[in-house]
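The structure appears right after this line, and notes come after that.
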Amino acid sequence: MDNAFIATNLDWDHRTPTNGQRFVNRVLRKLGMHVRLSPAPSDMANVEARMNLFHLLEQTVAFGIPGDVVDLGCNAGDSSVVMQTVIQGLAPEKQVHAFDSFEGLPELTENDRGDGVYSKGHMAAPIDQFKRKFEALGLTLPHIHKGWFEQTVPSALPDRISFALIDGDLYESTRHVLPYVYERMAPGAIGMIAVYYDACVFPRKGIHPGYRSPGVKRATDEFFADKPEKVSLLYANEYSNGYFRKK
Ligand SMILES: C[S@@+](CC[C@H](N)C(=O)[O-])C[C@H]1O[C@@H](n2cnc3c(N)ncnc32)[C@H](O)[C@@H]1O
């Protein structure tokens with residue numbers, strides 16, 4: 001399947017430096033400093049993360065892994081659009097399920113407050129914005145589960161999952177959904193953890209630390225400490241992604 005739609009239909013977040021930044025970059029280069037300014041990254045998945053999503057999801061279809069597809073933290077729909085496009089085109093018998101509060105992040109607990117990164121309501125995207133994205137692209141709407149994960153997961157999860165994107169940004173959100181998703185995954189199913197940031201994939205020099213979500217990696221690593229699967233890393237520009245394949 002061709003994946004050009006990822007760049008043509010969505011914000012492709014190339015982050016070209018502004019004229020002012022170009023000027024500063026030239027000065028920095030002349031001074032022999034190996035840093036470069038560019039616009040701040042957005043809160044949402046960048047184009048590299050969507051490419052990772054596309055290829056991982058397509059693999060589960062190619063290997064014939066049974067089960068439906070879930071997007072846990074769908075926000076305004078950029079990730080769900082990629083998932084729905086792949087499923088509609090290659091495996092229309094599968095269903096896509098999108099979960100979000102559509103009110104942004106929940107109240108932080110002790111487990112996230114210490115990271116000092118986000119606050120309640122951050123990243124709120126109304127459900128209408130999500131629906132409009134699908135209408136504009138002529139795609140079927142996925143099943144939408146509006147509410148806090150603590151209320152919708154596990155009750156609204158499909159019984160069998162072939163692919164899951166876990167993109168809740170917080171320790172608490174990741175910790176809550178992982179066990180329920182994991183136990184429903186068929187052998188060979190893939191779980192992608194967005195913003196599983198690891199400095200060995202991207203050192204983040206010069207990038208504002210406010211975009212880190214250290215709780216996601218913490219919760220994921222804790223969960224997998226006694227599991228046979230290994231979380232692998234994928235480059236995603238200013239983020240890095242993790243994924244595991246269920247044994
Ligand atoms: C980074 S955004 C997701 C981006 C999206 N996957 C994309 O690629 O465009 C994280 C989303 O998770 C949602 N979220 C985080 N924790 C949640 C929780 N406990 N319950 C419901 N939604 C939650 C937020 O509302 C937010 O929209």
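Residues are named by chain letter and number: chains run A, B, ... in the order of the structure tokens, numbers start at 1 in each chain, and ligands are numbered from 1 in the order shown.
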
Residues within 8 Å of ligand 1, counting only C-alpha atoms and all ligand atoms, as an MDAnalysis selection string: chainID A and resid 43:46 49:50 71:80 99:106 121:125 146:150 165:170 172:174 176 194

So that each row is one residue of stretch 32-133 of chain A with an atom at most 12 Å from stretch 215-218 of chain A, can you give its shortest atom pair and the distance in Å to one decimal, using only C-alpha atoms, rows by chain and rising number, as JSON lines?
{"residue": "A:Leu108", "atom": "CA", "partner": "A:Gly215", "partner_atom": "CA", "distance": 11.4}
{"residue": "A:Thr109", "atom": "CA", "partner": "A:Gly215", "partner_atom": "CA", "distance": 11.4}
{"residue": "A:Glu110", "atom": "CA", "partner": "A:Gly215", "partner_atom": "CA", "distance": 11.2}
{"residue": "A:Asn111", "atom": "CA", "partner": "A:Gly215", "partner_atom": "CA", "distance": 7.7}
{"residue": "A:Asp112", "atom": "CA", "partner": "A:Gly215", "partner_atom": "CA", "distance": 6.5}
{"residue": "A:Arg113", "atom": "CA", "partner": "A:Gly215", "partner_atom": "CA", "distance": 9.8}
{"residue": "A:Gly114", "atom": "CA", "partner": "A:Gly215", "partner_atom": "CA", "distance": 9.5}
{"residue": "A:Asp115", "atom": "CA", "partner": "A:Gly215", "partner_atom": "CA", "distance": 7.4}
{"residue": "A:Gly116", "atom": "CA", "partner": "A:Gly215", "partner_atom": "CA", "distance": 10.6}
{"residue": "A:Val117", "atom": "CA", "partner": "A:Gly215", "partner_atom": "CA", "distance": 9.7}
{"residue": "A:Tyr118", "atom": "CA", "partner": "A:Gly215", "partner_atom": "CA", "distance": 11.0}

Exercise: A:Gln95 partners within 8 Å, only C-alpha atoms, chain neighbours under 4 positions left out, as an mmCIF file with N, CA, C and O atoms, in the first residue's frame:
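Final output, saved to around-v5.cif:
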data_model
loop_
_atom_site.group_PDB
_atom_site.id
_atom_site.type_symbol
_atom_site.label_atom_id
_atom_site.label_comp_id
_atom_site.auth_asym_id
_atom_site.auth_seq_id
_atom_site.Cartn_x
_atom_site.Cartn_y
_atom_site.Cartn_z
ATOM 1 N N ASP A 68 -8.774 -7.036 16.337
ATOM 2 C CA ASP A 68 -9.036 -5.654 15.942
ATOM 3 C C ASP A 68 -7.893 -4.739 16.331
ATOM 4 O O ASP A 68 -6.899 -5.179 16.911
ATOM 5 N N VAL A 69 -8.088 -3.462 16.024
ATOM 6 C CA VAL A 69 -7.011 -2.477 16.132
ATOM 7 C C VAL A 69 -7.457 -1.368 17.082
ATOM 8 O O VAL A 69 -8.594 -0.895 16.964
ATOM 9 N N ILE A 87 -6.430 -0.246 7.494
ATOM 10 C CA ILE A 87 -7.403 -1.320 7.724
ATOM 11 C C ILE A 87 -8.469 -1.330 6.623
ATOM 12 O O ILE A 87 -8.812 -2.388 6.080
ATOM 13 N N PRO A 142 -14.041 5.260 12.770
ATOM 14 C CA PRO A 142 -13.835 4.092 13.646
ATOM 15 C C PRO A 142 -14.839 4.104 14.794
ATOM 16 O O PRO A 142 -15.597 5.062 14.946
ATOM 17 N N HIS A 143 -14.842 3.062 15.621
ATOM 18 C CA HIS A 143 -15.657 3.082 16.847
ATOM 19 C C HIS A 143 -14.985 4.066 17.798
ATOM 20 O O HIS A 143 -13.788 3.919 18.078
#

Report, in Å to a single decimal, how far apart atom CA of A:Tyr197 and atom CA of A:Tyr239 are.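 We find that atom CA of A:Tyr239 and atom CA of A:Tyr197 lie 5.9 Å from each other.
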
With distances taken over only C-alpha atoms, which residue among A:Pro228, A:Pro214, A:Gly242, A:Gly188 lies nearest A:Tyr171?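 That would be A:Pro214, the residue with the smallest distance to A:Tyr171.
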
Stretch 14-208 of chain A: residues DSSP assigns to alpha helix (DSSP H), reported as number ranges by chain: A: 19-30, 47-62, 78-90, 110-113, 127-137, 149-152, 171-184

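Residues in contact range of A:Gly138, defined as at most 12 Å between only C-alpha atoms, with sequence neighbours fewer than 2 positions away removed, read Asn9, Val81, Gln84, Thr85, Gln88, Lys131, Arg132, Lys133, Phe134, Glu135, Ala136, Thr140 and Leu141 of chain A.
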
Which of stretch 70-101 of chain A DSSP labels strand (DSSP E or B), written as an mmCIF file with N, CA and C atoms, in the first residue's frame:
data_model
loop_
_atom_site.group_PDB
_atom_site.id
_atom_site.type_symbol
_atom_site.label_atom_id
_atom_site.label_comp_id
_atom_site.auth_asym_id
_atom_site.auth_seq_id
_atom_site.Cartn_x
_atom_site.Cartn_y
_atom_site.Cartn_z
ATOM 1 N N VAL A 70 -6.605 -0.981 18.041
ATOM 2 C CA VAL A 70 -7.018 0.046 19.002
ATOM 3 C C VAL A 70 -6.029 1.196 19.055
ATOM 4 N N ASP A 71 -6.582 2.393 19.191
ATOM 5 C CA ASP A 71 -5.791 3.623 19.306
ATOM 6 C C ASP A 71 -6.124 4.235 20.656
ATOM 7 N N LEU A 72 -5.218 4.083 21.614
ATOM 8 C CA LEU A 72 -5.490 4.538 22.980
ATOM 9 C C LEU A 72 -4.818 5.884 23.214
ATOM 10 N N VAL A 96 -11.522 -0.682 13.786
ATOM 11 C CA VAL A 96 -10.610 0.230 14.485
ATOM 12 C C VAL A 96 -11.379 0.878 15.635
ATOM 13 N N HIS A 97 -10.770 0.867 16.822
ATOM 14 C CA HIS A 97 -11.396 1.469 18.010
ATOM 15 C C HIS A 97 -10.522 2.614 18.499
ATOM 16 N N ALA A 98 -11.112 3.801 18.621
ATOM 17 C CA ALA A 98 -10.349 4.980 19.056
ATOM 18 C C ALA A 98 -10.834 5.430 20.434
ATOM 19 N N PHE A 99 -9.889 5.623 21.343
ATOM 20 C CA PHE A 99 -10.209 5.982 22.733
ATOM 21 C C PHE A 99 -9.587 7.334 23.074
ATOM 22 N N ASP A 100 -10.344 8.166 23.724
ATOM 23 C CA ASP A 100 -9.770 9.418 24.252
ATOM 24 C C ASP A 100 -10.816 10.084 25.146
#

Can you work out which one of A:Val24, A:Val181, A:Ala199, A:Leu139 has the shortest atom-to-atom distance to A:Leu157, counting only C-alpha atoms?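 Checking each of A:Val24, A:Val181, A:Ala199, A:Leu139 against A:Leu157, counting only C-alpha atoms, the winner is A:Val181.
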
Selection: 12 Å around A:Asn19, only C-alpha atoms, excl. self and same-chain fewer than 4 positions, as a ChimeraX atom specification: /A:23-26,37-39

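The space between atom CA of A:Leu137 and atom CA of A:Gln59 spans 23.5 Å.
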